[in-house]
Amino acid sequence: MRTGEPLPAVGEVLVSLATGVWHWDTATGLVTVDAEAARLLGLPAEETVLTEAQTRARLHPVDWNEITGVVQLAVAEGTLAEVRIRIMDEQGRVVRVVRSRSKPSFDPARKAYELIGTLQEVTEPTPGTAAGRTAVTGDWRRSREAFLLDAGRALAEARSTAEVLRVAAALSMPGFSPDGLAVFGVTGDRLTIIGHHGQQPGDEVPFTQMSLQTDYPAAEVVRTGRAVYLSSPERYKERYPLTWPLAEPFRRHSWAFLPLTVAGRTMGAWMAAFTYPVAFTPDERSVLTTVARMLAQALTRASAAENQRELTDGLQRSMLPTLGPEIPGLTLAARYIPTGGGLQVGGDWYDMIPLPGGASRAKRDGGRFALIIGDVQGHDVRAAGLMGQLRIALRAYAAEGHRPDAVLSRASGFLHGLTDANGGADLRFATCLYVEVDPATGVLEAARAGHLDPAVRMSDGTVLVRATAGGLPLGIDPDADYPTTRLVLEPGETLMLCTDGLLETGGHDLETGWQRVRKTLEAHEGDLEELADALVQAVHGPSSHHTTGPLADRREDDIALLLLCRQGEGGCGQEGALLPARRLVRRSMLTVAQAEPERIAVARQQVRELLHDWTCADQVDSAVLLVSETLTNVLVHTDADALLVAEVTGTPGERRLRVEVTDTSDALPHKRRPGELASSGRGLVLIELLAHTWGVAPRGEGKSIWFEFCEPQEPGKTEESMPQTPL
């Protein structure tokens, strides 16, 4: 062609270059090809119109999926779509490999893609070579797919921003891996550095708080939502001359800046920098874009999880109190472990309330205060909200100076009014244990609303459940009554209040869960804080997974725990440390009123727990039987109440059990010889047969019947030689 002559037609040029032209409209589903393109597809060399199905039948199925992915990538980045395609014959054999280059566009109105491009036959590169790496076929594709699967799995499992950044830094991309990474966020109109890898600490300072209007690749990516690829330092310097001096000291040769987009919103940018030249072929851009999308999703999930944890921590801190000032003679410890619910906040709570007349004296001489522990039904935000409201109400009623029974009665009416306000559609109840403490005397006055009984670790290490009278859970009956039980915390003893999560975590029921907790209580020798940690660790730590309970339903529950130690011998010292247990005296005391015959069962249980490590099981059964007999005799033959005092003294193997039942009646018991059909008169006979010693002691008002057992030195044997005569 001579100078000045008109240029040949485009079609003639394409024919001379053996290049075909094709047009694809996804709205109509038709593909139009010219004669050369038809020939490359294995069809007669003439212009024709094909359906998508007919076109797809001529291509390798993997390459068809590749085309759709590259088209979406090119539209997102505003670049050309370039892909290698294997052409198949009717027998499924590859007849040739062609390269397609097209400029796709997307019509939002029709929600369709339209492509006009070229097809040109190329030689299939040898797998593993530099040319083979840039193709979309062969080993490189399989490596890329495996990499994306692993990367997606790793990023999906990351639960924090730091974990996401560690995963991103460890990604080894097939054929090309970045040397440096940086994740940029957006705060207002400024860029921020969320994290980076491959740079020294402090290198990120020039890039922090950079205006989005700055002539910097990451800022442009955030502004436009389009990726920026810089394949050489010269390209970087030419396109961004103002910020090139910031990047030059890192001595990198190629950069990719990709948008981090979630739900159509660009939340930041991801930089991948390379120490060697990278051409950023369509295949490499596809990998980077896919990783950027997964990275954006992972960062969004991690950020949401961190915000949720921050909300949870703030909610817990606002709802759970501190234990207040130190009380002379007492040591307190508390724990709250949220193990259920989406927000990791449930309805369990505890509180310590200075009572009227005691707050100002707390530091000086230990004024009265109340300990509260409870559990609102449910493990959701509603339960947490009700817990906060109920806690405030209890503090208000206690601050007014009401007794424990009145505090719980008012709180029950308050909770019933809250949950019944919407017509009873979401009725909730709450269990609660309210204990008023007098530090000077160790007297505890407890009122219980459907909650677990308190437990006491005695000075010798023995743990007893202290039975307390109780009523319905709060919120069920607005007019419910809650009787008060008086207990005494002796010097050296530790009171434990807990919610059922401490017992039932790990598939346990109340019985097996209590056995597990009891072992920890009795064996621990550290301070009170260490005891609290040990109790939580025993049911919620790794070791607890080896002692799971019998229940198939092992849903976890929140745990609230309160420990109160009265300083003294065998208990906690001045710094709250539990002193070595001195097994000298263990004592249990219980009152059985005429109108409360059911408390005889409580007395039997307390005596059995008092003798939990007694060497002779037969003696334990005998002692329980005699306790039942003596208490029943008081209720049947007198009009008075009975006071039971059971005491164990001595060292293991040489201990003595003394049980004394006192009443205010002056009528002394008499030993009788009942006939076979007699319904009474066997009480003293049993005492004489089973106890080692026994007797009746008159008091100023009333009398007491007592009996003693001596522990045999060899387990399982009784001492026949002990005298059994009454004194």
# chains A, B, ... in the order shown; residues from 1 in each chain; ligands from 1
call {"tool": "select_by_dssp", "arguments": {"residues": "region 235-316 of chain A", "states": "strand (DSSP E)", "output": "PDB file with all heavy atoms, in the first residue's frame"}}
result
ATOM      1  N   SER A 254       5.946  -4.040  40.781  1.00  0.00           N
ATOM      2  CA  SER A 254       4.571  -4.072  40.283  1.00  0.00           C
ATOM      3  C   SER A 254       3.628  -3.935  41.469  1.00  0.00           C
ATOM      4  O   SER A 254       3.940  -4.391  42.584  1.00  0.00           O
ATOM      5  CB  SER A 254       4.281  -5.379  39.535  1.00  0.00           C
ATOM      6  OG  SER A 254       5.120  -5.506  38.407  1.00  0.00           O
ATOM      7  N   TRP A 255       2.466  -3.317  41.176  1.00  0.00           N
ATOM      8  CA  TRP A 255       1.474  -3.088  42.226  1.00  0.00           C
ATOM      9  C   TRP A 255       0.079  -3.350  41.674  1.00  0.00           C
ATOM     10  O   TRP A 255      -0.202  -3.040  40.503  1.00  0.00           O
ATOM     11  CB  TRP A 255       1.512  -1.645  42.737  1.00  0.00           C
ATOM     12  CG  TRP A 255       2.804  -1.205  43.356  1.00  0.00           C
ATOM     13  CD1 TRP A 255       3.112  -1.144  44.667  1.00  0.00           C
ATOM     14  CD2 TRP A 255       3.981  -0.758  42.651  1.00  0.00           C
ATOM     15  NE1 TRP A 255       4.387  -0.689  44.854  1.00  0.00           N
ATOM     16  CE2 TRP A 255       4.953  -0.431  43.625  1.00  0.00           C
ATOM     17  CE3 TRP A 255       4.307  -0.595  41.300  1.00  0.00           C
ATOM     18  CZ2 TRP A 255       6.209   0.036  43.303  1.00  0.00           C
ATOM     19  CZ3 TRP A 255       5.565  -0.122  40.965  1.00  0.00           C
ATOM     20  CH2 TRP A 255       6.512   0.188  41.950  1.00  0.00           C
ATOM     21  N   ALA A 256      -0.773  -3.890  42.529  1.00  0.00           N
ATOM     22  CA  ALA A 256      -2.195  -4.034  42.209  1.00  0.00           C
ATOM     23  C   ALA A 256      -2.986  -3.450  43.371  1.00  0.00           C
ATOM     24  O   ALA A 256      -2.800  -3.846  44.518  1.00  0.00           O
ATOM     25  CB  ALA A 256      -2.558  -5.496  41.995  1.00  0.00           C
ATOM     26  N   PHE A 257      -3.847  -2.495  43.063  1.00  0.00           N
ATOM     27  CA  PHE A 257      -4.736  -1.888  44.066  1.00  0.00           C
ATOM     28  C   PHE A 257      -6.163  -2.266  43.681  1.00  0.00           C
ATOM     29  O   PHE A 257      -6.624  -1.899  42.598  1.00  0.00           O
ATOM     30  CB  PHE A 257      -4.582  -0.364  44.099  1.00  0.00           C
ATOM     31  CG  PHE A 257      -3.256   0.103  44.629  1.00  0.00           C
ATOM     32  CD1 PHE A 257      -2.151   0.184  43.788  1.00  0.00           C
ATOM     33  CD2 PHE A 257      -3.107   0.470  45.953  1.00  0.00           C
ATOM     34  CE1 PHE A 257      -0.931   0.626  44.258  1.00  0.00           C
ATOM     35  CE2 PHE A 257      -1.883   0.913  46.438  1.00  0.00           C
ATOM     36  CZ  PHE A 257      -0.787   0.985  45.594  1.00  0.00           C
ATOM     37  N   LEU A 258      -6.848  -2.999  44.550  1.00  0.00           N
ATOM     38  CA  LEU A 258      -8.182  -3.496  44.227  1.00  0.00           C
ATOM     39  C   LEU A 258      -9.194  -3.005  45.250  1.00  0.00           C
ATOM     40  O   LEU A 258      -8.887  -2.886  46.441  1.00  0.00           O
ATOM     41  CB  LEU A 258      -8.193  -5.026  44.189  1.00  0.00           C
ATOM     42  CG  LEU A 258      -7.286  -5.632  43.127  1.00  0.00           C
ATOM     43  CD1 LEU A 258      -6.041  -6.202  43.776  1.00  0.00           C
ATOM     44  CD2 LEU A 258      -8.000  -6.697  42.326  1.00  0.00           C
ATOM     45  N   PRO A 259     -10.424  -2.731  44.798  1.00  0.00           N
ATOM     46  CA  PRO A 259     -11.453  -2.258  45.730  1.00  0.00           C
ATOM     47  C   PRO A 259     -11.952  -3.390  46.618  1.00  0.00           C
ATOM     48  O   PRO A 259     -12.084  -4.541  46.171  1.00  0.00           O
ATOM     49  CB  PRO A 259     -12.558  -1.744  44.804  1.00  0.00           C
ATOM     50  CG  PRO A 259     -12.387  -2.533  43.547  1.00  0.00           C
ATOM     51  CD  PRO A 259     -10.919  -2.795  43.406  1.00  0.00           C
ATOM     52  N   LEU A 260     -12.217  -3.092  47.861  1.00  0.00           N
ATOM     53  CA  LEU A 260     -12.874  -4.014  48.787  1.00  0.00           C
ATOM     54  C   LEU A 260     -14.341  -3.607  48.831  1.00  0.00           C
ATOM     55  O   LEU A 260     -14.707  -2.622  49.471  1.00  0.00           O
ATOM     56  CB  LEU A 260     -12.237  -3.937  50.176  1.00  0.00           C
ATOM     57  CG  LEU A 260     -10.751  -4.322  50.242  1.00  0.00           C
ATOM     58  CD1 LEU A 260     -10.202  -4.094  51.648  1.00  0.00           C
ATOM     59  CD2 LEU A 260     -10.540  -5.762  49.818  1.00  0.00           C
ATOM     60  N   THR A 261     -15.156  -4.353  48.118  1.00  0.00           N
ATOM     61  CA  THR A 261     -16.547  -3.969  47.905  1.00  0.00           C
ATOM     62  C   THR A 261     -17.461  -4.992  48.545  1.00  0.00           C
ATOM     63  O   THR A 261     -17.299  -6.202  48.348  1.00  0.00           O
ATOM     64  CB  THR A 261     -16.858  -3.867  46.404  1.00  0.00           C
ATOM     65  OG1 THR A 261     -15.935  -2.952  45.806  1.00  0.00           O
ATOM     66  CG2 THR A 261     -18.276  -3.376  46.175  1.00  0.00           C
ATOM     67  N   VAL A 262     -18.442  -4.503  49.303  1.00  0.00           N
ATOM     68  CA  VAL A 262     -19.451  -5.347  49.938  1.00  0.00           C
ATOM     69  C   VAL A 262     -20.806  -4.702  49.699  1.00  0.00           C
ATOM     70  O   VAL A 262     -20.998  -3.522  50.013  1.00  0.00           O
ATOM     71  CB  VAL A 262     -19.201  -5.511  51.451  1.00  0.00           C
ATOM     72  CG1 VAL A 262     -20.310  -6.336  52.092  1.00  0.00           C
ATOM     73  CG2 VAL A 262     -17.854  -6.162  51.702  1.00  0.00           C
ATOM     74  N   ARG A 265     -20.918  -1.348  47.993  1.00  0.00           N
ATOM     75  CA  ARG A 265     -20.255  -0.207  48.631  1.00  0.00           C
ATOM     76  C   ARG A 265     -18.776  -0.510  48.803  1.00  0.00           C
ATOM     77  O   ARG A 265     -18.402  -1.559  49.313  1.00  0.00           O
ATOM     78  CB  ARG A 265     -20.888   0.073  49.997  1.00  0.00           C
ATOM     79  CG  ARG A 265     -20.300   1.284  50.706  1.00  0.00           C
ATOM     80  CD  ARG A 265     -20.989   1.494  52.041  1.00  0.00           C
ATOM     81  NE  ARG A 265     -20.714   0.406  52.963  1.00  0.00           N
ATOM     82  CZ  ARG A 265     -19.655   0.358  53.779  1.00  0.00           C
ATOM     83  NH1 ARG A 265     -18.756   1.353  53.753  1.00  0.00           N
ATOM     84  NH2 ARG A 265     -19.476  -0.654  54.601  1.00  0.00           N
ATOM     85  N   THR A 266     -17.941   0.418  48.362  1.00  0.00           N
ATOM     86  CA  THR A 266     -16.497   0.256  48.496  1.00  0.00           C
ATOM     87  C   THR A 266     -16.084   0.678  49.901  1.00  0.00           C
ATOM     88  O   THR A 266     -16.181   1.849  50.267  1.00  0.00           O
ATOM     89  CB  THR A 266     -15.748   1.092  47.453  1.00  0.00           C
ATOM     90  OG1 THR A 266     -16.165   0.703  46.141  1.00  0.00           O
ATOM     91  CG2 THR A 266     -14.256   0.889  47.570  1.00  0.00           C
ATOM     92  N   MET A 267     -15.639  -0.292  50.683  1.00  0.00           N
ATOM     93  CA  MET A 267     -15.285  -0.044  52.084  1.00  0.00           C
ATOM     94  C   MET A 267     -13.802   0.209  52.278  1.00  0.00           C
ATOM     95  O   MET A 267     -13.375   0.576  53.368  1.00  0.00           O
ATOM     96  CB  MET A 267     -15.689  -1.233  52.943  1.00  0.00           C
ATOM     97  CG  MET A 267     -15.119  -2.557  52.459  1.00  0.00           C
ATOM     98  SD  MET A 267     -15.389  -3.943  53.572  1.00  0.00           S
ATOM     99  CE  MET A 267     -14.227  -3.562  54.866  1.00  0.00           C
ATOM    100  N   GLY A 268     -13.004   0.020  51.230  1.00  0.00           N
ATOM    101  CA  GLY A 268     -11.569   0.227  51.354  1.00  0.00           C
ATOM    102  C   GLY A 268     -10.852  -0.277  50.123  1.00  0.00           C
ATOM    103  O   GLY A 268     -11.456  -0.469  49.052  1.00  0.00           O
ATOM    104  N   ALA A 269      -9.564  -0.491  50.258  1.00  0.00           N
ATOM    105  CA  ALA A 269      -8.741  -0.959  49.139  1.00  0.00           C
ATOM    106  C   ALA A 269      -7.699  -1.933  49.659  1.00  0.00           C
ATOM    107  O   ALA A 269      -7.274  -1.871  50.820  1.00  0.00           O
ATOM    108  CB  ALA A 269      -8.072   0.215  48.435  1.00  0.00           C
ATOM    109  N   TRP A 270      -7.289  -2.836  48.761  1.00  0.00           N
ATOM    110  CA  TRP A 270      -6.274  -3.841  49.084  1.00  0.00           C
ATOM    111  C   TRP A 270      -5.110  -3.666  48.128  1.00  0.00           C
ATOM    112  O   TRP A 270      -5.309  -3.639  46.905  1.00  0.00           O
ATOM    113  CB  TRP A 270      -6.864  -5.235  48.973  1.00  0.00           C
ATOM    114  CG  TRP A 270      -5.860  -6.347  49.127  1.00  0.00           C
ATOM    115  CD1 TRP A 270      -4.911  -6.455  50.075  1.00  0.00           C
ATOM    116  CD2 TRP A 270      -5.726  -7.502  48.281  1.00  0.00           C
ATOM    117  NE1 TRP A 270      -4.182  -7.614  49.906  1.00  0.00           N
ATOM    118  CE2 TRP A 270      -4.665  -8.282  48.807  1.00  0.00           C
ATOM    119  CE3 TRP A 270      -6.397  -7.957  47.154  1.00  0.00           C
ATOM    120  CZ2 TRP A 270      -4.269  -9.477  48.223  1.00  0.00           C
ATOM    121  CZ3 TRP A 270      -6.006  -9.154  46.580  1.00  0.00           C
ATOM    122  CH2 TRP A 270      -4.947  -9.902  47.109  1.00  0.00           C
ATOM    123  N   MET A 271      -3.909  -3.515  48.657  1.00  0.00           N
ATOM    124  CA  MET A 271      -2.713  -3.387  47.830  1.00  0.00           C
ATOM    125  C   MET A 271      -1.914  -4.672  47.893  1.00  0.00           C
ATOM    126  O   MET A 271      -1.632  -5.199  48.980  1.00  0.00           O
ATOM    127  CB  MET A 271      -1.834  -2.235  48.315  1.00  0.00           C
ATOM    128  CG  MET A 271      -0.577  -2.033  47.468  1.00  0.00           C
ATOM    129  SD  MET A 271       0.745  -1.131  48.323  1.00  0.00           S
ATOM    130  CE  MET A 271       1.375  -2.384  49.441  1.00  0.00           C
ATOM    131  N   ALA A 272      -1.556  -5.187  46.706  1.00  0.00           N
ATOM    132  CA  ALA A 272      -0.641  -6.321  46.589  1.00  0.00           C
ATOM    133  C   ALA A 272       0.567  -5.837  45.795  1.00  0.00           C
ATOM    134  O   ALA A 272       0.432  -5.430  44.636  1.00  0.00           O
ATOM    135  CB  ALA A 272      -1.317  -7.496  45.896  1.00  0.00           C
ATOM    136  N   ALA A 273       1.753  -5.841  46.410  1.00  0.00           N
ATOM    137  CA  ALA A 273       2.966  -5.334  45.770  1.00  0.00           C
ATOM    138  C   ALA A 273       3.928  -6.497  45.514  1.00  0.00           C
ATOM    139  O   ALA A 273       4.017  -7.431  46.316  1.00  0.00           O
ATOM    140  CB  ALA A 273       3.640  -4.288  46.662  1.00  0.00           C
ATOM    141  N   PHE A 274       4.653  -6.428  44.376  1.00  0.00           N
ATOM    142  CA  PHE A 274       5.524  -7.512  43.942  1.00  0.00           C
ATOM    143  C   PHE A 274       6.940  -6.983  43.736  1.00  0.00           C
ATOM    144  O   PHE A 274       7.138  -5.858  43.253  1.00  0.00           O
ATOM    145  CB  PHE A 274       5.019  -8.116  42.634  1.00  0.00           C
ATOM    146  CG  PHE A 274       3.602  -8.628  42.712  1.00  0.00           C
ATOM    147  CD1 PHE A 274       2.519  -7.760  42.546  1.00  0.00           C
ATOM    148  CD2 PHE A 274       3.344  -9.959  42.963  1.00  0.00           C
ATOM    149  CE1 PHE A 274       1.218  -8.220  42.619  1.00  0.00           C
ATOM    150  CE2 PHE A 274       2.034 -10.430  43.037  1.00  0.00           C
ATOM    151  CZ  PHE A 274       0.973  -9.559  42.874  1.00  0.00           C
TER     152      PHE A 274
END
call {"tool": "residues_around", "arguments": {"residues": "Leu564 (chain A)", "least_positions_apart": "5", "cutoff": "8 Å", "atoms": "only C-alpha atoms", "output": "PyMOL selection string"}}
result
chain A and resi 330-333+494-496
call {"tool": "residues_around", "arguments": {"residues": "His637 (chain A)", "least_positions_apart": "6", "cutoff": "10 Å", "atoms": "only C-alpha atoms", "output": "PDB file with N, CA, C and O atoms, in the first residue's frame"}}
result
ATOM      1  N   SER A 665     -40.383 -28.825 125.304  1.00  0.00           N
ATOM      2  CA  SER A 665     -41.329 -29.580 126.132  1.00  0.00           C
ATOM      3  C   SER A 665     -40.593 -30.195 127.324  1.00  0.00           C
ATOM      4  O   SER A 665     -39.470 -30.694 127.192  1.00  0.00           O
ATOM      5  N   ALA A 667     -41.742 -32.791 128.934  1.00  0.00           N
ATOM      6  CA  ALA A 667     -42.073 -34.217 129.002  1.00  0.00           C
ATOM      7  C   ALA A 667     -40.883 -35.040 128.538  1.00  0.00           C
ATOM      8  O   ALA A 667     -40.450 -34.934 127.391  1.00  0.00           O
ATOM      9  N   PRO A 669     -38.798 -38.459 127.532  1.00  0.00           N
ATOM     10  CA  PRO A 669     -39.138 -39.715 126.854  1.00  0.00           C
ATOM     11  C   PRO A 669     -38.871 -40.906 127.780  1.00  0.00           C
ATOM     12  O   PRO A 669     -37.995 -40.868 128.647  1.00  0.00           O
TER      13      PRO A 669
END
call {"tool": "closest_residue", "arguments": {"among": "A:Ala76, A:Ala38, A:Leu371, A:Leu246", "to": "Phe207 (chain A)", "atoms": "only C-alpha atoms"}}
result
A:Leu246
call {"tool": "closest_residue", "arguments": {"among": "A:Leu386, A:Val183, A:Leu323, A:Leu14", "to": "Ala168 (chain A)", "atoms": "only C-alpha atoms"}}
result
A:Val183
call {"tool": "residues_around", "arguments": {"residues": "Ala151 (chain A)", "least_positions_apart": "5", "cutoff": "9 Å", "atoms": "only C-alpha atoms", "output": "list in words"}}
result
Ala146, Ala156, Val167, Ala168, Leu171, Val291 and Met294 of chain A
call {"tool": "write_last_selection", "arguments": {"atoms": "N, CA, C and O atoms", "output": "mmCIF file, in the first residue's frame"}}
result
data_model
loop_
_atom_site.group_PDB
_atom_site.id
_atom_site.type_symbol
_atom_site.label_atom_id
_atom_site.label_comp_id
_atom_site.auth_asym_id
_atom_site.auth_seq_id
_atom_site.Cartn_x
_atom_site.Cartn_y
_atom_site.Cartn_z
ATOM 1 N N ALA A 146 -7.693 -24.568 43.007
ATOM 2 C CA ALA A 146 -7.366 -25.120 44.326
ATOM 3 C C ALA A 146 -6.971 -24.017 45.298
ATOM 4 O O ALA A 146 -7.351 -24.030 46.477
ATOM 5 N N ALA A 156 -12.933 -17.607 55.453
ATOM 6 C CA ALA A 156 -14.246 -17.801 56.073
ATOM 7 C C ALA A 156 -14.119 -18.187 57.536
ATOM 8 O O ALA A 156 -15.006 -17.894 58.341
ATOM 9 N N VAL A 167 -4.203 -14.415 57.532
ATOM 10 C CA VAL A 167 -4.520 -15.323 56.430
ATOM 11 C C VAL A 167 -4.132 -14.701 55.097
ATOM 12 O O VAL A 167 -3.530 -15.349 54.236
ATOM 13 N N ALA A 168 -4.483 -13.416 54.916
ATOM 14 C CA ALA A 168 -4.154 -12.738 53.656
ATOM 15 C C ALA A 168 -2.650 -12.689 53.434
ATOM 16 O O ALA A 168 -2.165 -12.855 52.308
ATOM 17 N N LEU A 171 -1.237 -16.070 52.060
ATOM 18 C CA LEU A 171 -1.730 -16.620 50.797
ATOM 19 C C LEU A 171 -0.589 -16.740 49.793
ATOM 20 O O LEU A 171 0.164 -15.791 49.573
ATOM 21 N N VAL A 291 -9.846 -12.791 45.188
ATOM 22 C CA VAL A 291 -9.301 -12.708 46.549
ATOM 23 C C VAL A 291 -9.771 -11.427 47.236
ATOM 24 O O VAL A 291 -10.105 -11.425 48.427
ATOM 25 N N MET A 294 -13.308 -11.908 48.447
ATOM 26 C CA MET A 294 -13.348 -12.742 49.654
ATOM 27 C C MET A 294 -12.764 -11.998 50.847
ATOM 28 O O MET A 294 -13.262 -12.120 51.979
#
call {"tool": "closest_residue", "arguments": {"among": "A:Gly492, A:Pro404, A:Gly347, A:Gly506", "to": "Gln389 (chain A)", "atoms": "only C-alpha atoms"}}
result
A:Gly347
call {"tool": "residues_around", "arguments": {"residues": "Asp663 (chain A)", "least_positions_apart": "4", "cutoff": "9 Å", "atoms": "only C-alpha atoms", "output": "JSON, numbers by chain"}}
result
{"A": [634, 638, 640, 641, 642, 643, 701, 702, 703, 704, 705]}
call {"tool": "select_by_dssp", "arguments": {"residues": "region 163-249 of chain A", "states": "alpha helix (DSSP H)", "output": "list in words"}}
result
Glu163, Val164, Leu165, Arg166, Val167, Ala168, Ala169, Ala170, Pro217, Ala218, Ala219, Glu220, Val221, Val222, Arg223, Thr224, Pro233, Glu234, Arg235, Tyr236, Lys237, Glu238, Arg239, Trp244, Pro245, Leu246 and Ala247 of chain A
call {"tool": "closest_residue", "arguments": {"among": "A:Ala296, A:Glu530, A:Leu668, A:Val465", "to": "Gly152 (chain A)", "atoms": "only C-alpha atoms"}}
result
A:Ala296
call {"tool": "closest_residue", "arguments": {"among": "A:Gly69, A:Lys111, A:Leu59, A:Ser211", "to": "Thr26 (chain A)", "atoms": "only C-alpha atoms"}}
result
A:Lys111
call {"tool": "residues_around", "arguments": {"residues": "Arg99 (chain A)", "least_positions_apart": "4", "cutoff": "8 Å", "atoms": "only C-alpha atoms", "output": "count of residues only"}}
result
9
call {"tool": "decode", "arguments": {"residues": "region 598-604 of chain A", "atoms": "all heavy atoms", "output": "mmCIF file, in the first residue's frame"}}
result
data_model
loop_
_atom_site.group_PDB
_atom_site.id
_atom_site.type_symbol
_atom_site.label_atom_id
_atom_site.label_comp_id
_atom_site.auth_asym_id
_atom_site.auth_seq_id
_atom_site.Cartn_x
_atom_site.Cartn_y
_atom_site.Cartn_z
ATOM 1 N N GLU A 598 -41.916 -31.724 106.476
ATOM 2 C CA GLU A 598 -41.113 -32.063 105.297
ATOM 3 C C GLU A 598 -39.635 -31.741 105.489
ATOM 4 O O GLU A 598 -38.772 -32.250 104.758
ATOM 5 C CB GLU A 598 -41.644 -31.331 104.058
ATOM 6 C CG GLU A 598 -41.507 -29.823 104.077
ATOM 7 C CD GLU A 598 -42.654 -29.117 104.814
ATOM 8 O OE1 GLU A 598 -43.514 -29.843 105.366
ATOM 9 O OE2 GLU A 598 -42.678 -27.884 104.825
ATOM 10 N N ARG A 599 -39.314 -30.896 106.489
ATOM 11 C CA ARG A 599 -37.911 -30.553 106.722
ATOM 12 C C ARG A 599 -37.135 -31.689 107.394
ATOM 13 O O ARG A 599 -35.909 -31.612 107.516
ATOM 14 C CB ARG A 599 -37.811 -29.276 107.555
ATOM 15 C CG ARG A 599 -38.154 -28.026 106.756
ATOM 16 C CD ARG A 599 -38.098 -26.766 107.596
ATOM 17 N NE ARG A 599 -36.774 -26.458 108.090
ATOM 18 C CZ ARG A 599 -35.813 -25.854 107.388
ATOM 19 N NH1 ARG A 599 -36.038 -25.525 106.121
ATOM 20 N NH2 ARG A 599 -34.640 -25.591 107.922
ATOM 21 N N ILE A 600 -37.837 -32.739 107.811
ATOM 22 C CA ILE A 600 -37.125 -33.909 108.334
ATOM 23 C C ILE A 600 -36.287 -34.530 107.221
ATOM 24 O O ILE A 600 -35.162 -34.999 107.459
ATOM 25 C CB ILE A 600 -38.127 -34.927 108.914
ATOM 26 C CG1 ILE A 600 -38.847 -34.320 110.134
ATOM 27 C CG2 ILE A 600 -37.424 -36.226 109.298
ATOM 28 C CD1 ILE A 600 -39.885 -35.235 110.744
ATOM 29 N N ALA A 601 -36.797 -34.521 106.006
ATOM 30 C CA ALA A 601 -36.020 -35.039 104.872
ATOM 31 C C ALA A 601 -34.777 -34.187 104.634
ATOM 32 O O ALA A 601 -33.708 -34.708 104.299
ATOM 33 C CB ALA A 601 -36.884 -35.073 103.614
ATOM 34 N N VAL A 602 -34.907 -32.865 104.840
ATOM 35 C CA VAL A 602 -33.751 -31.977 104.702
ATOM 36 C C VAL A 602 -32.715 -32.304 105.767
ATOM 37 O O VAL A 602 -31.500 -32.328 105.504
ATOM 38 C CB VAL A 602 -34.195 -30.505 104.793
ATOM 39 C CG1 VAL A 602 -32.986 -29.584 104.745
ATOM 40 C CG2 VAL A 602 -35.167 -30.173 103.676
ATOM 41 N N ALA A 603 -33.184 -32.584 106.987
ATOM 42 C CA ALA A 603 -32.259 -32.932 108.071
ATOM 43 C C ALA A 603 -31.507 -34.221 107.754
ATOM 44 O O ALA A 603 -30.297 -34.325 107.986
ATOM 45 C CB ALA A 603 -33.028 -33.067 109.383
ATOM 46 N N ARG A 604 -32.236 -35.212 107.240
ATOM 47 C CA ARG A 604 -31.560 -36.464 106.879
ATOM 48 C C ARG A 604 -30.481 -36.211 105.823
ATOM 49 O O ARG A 604 -29.372 -36.758 105.914
ATOM 50 C CB ARG A 604 -32.584 -37.471 106.343
ATOM 51 C CG ARG A 604 -33.542 -37.996 107.400
ATOM 52 C CD ARG A 604 -34.226 -39.256 106.919
ATOM 53 N NE ARG A 604 -35.037 -39.013 105.731
ATOM 54 C CZ ARG A 604 -36.343 -38.761 105.736
ATOM 55 N NH1 ARG A 604 -36.981 -38.714 106.896
ATOM 56 N NH2 ARG A 604 -37.006 -38.567 104.620
#
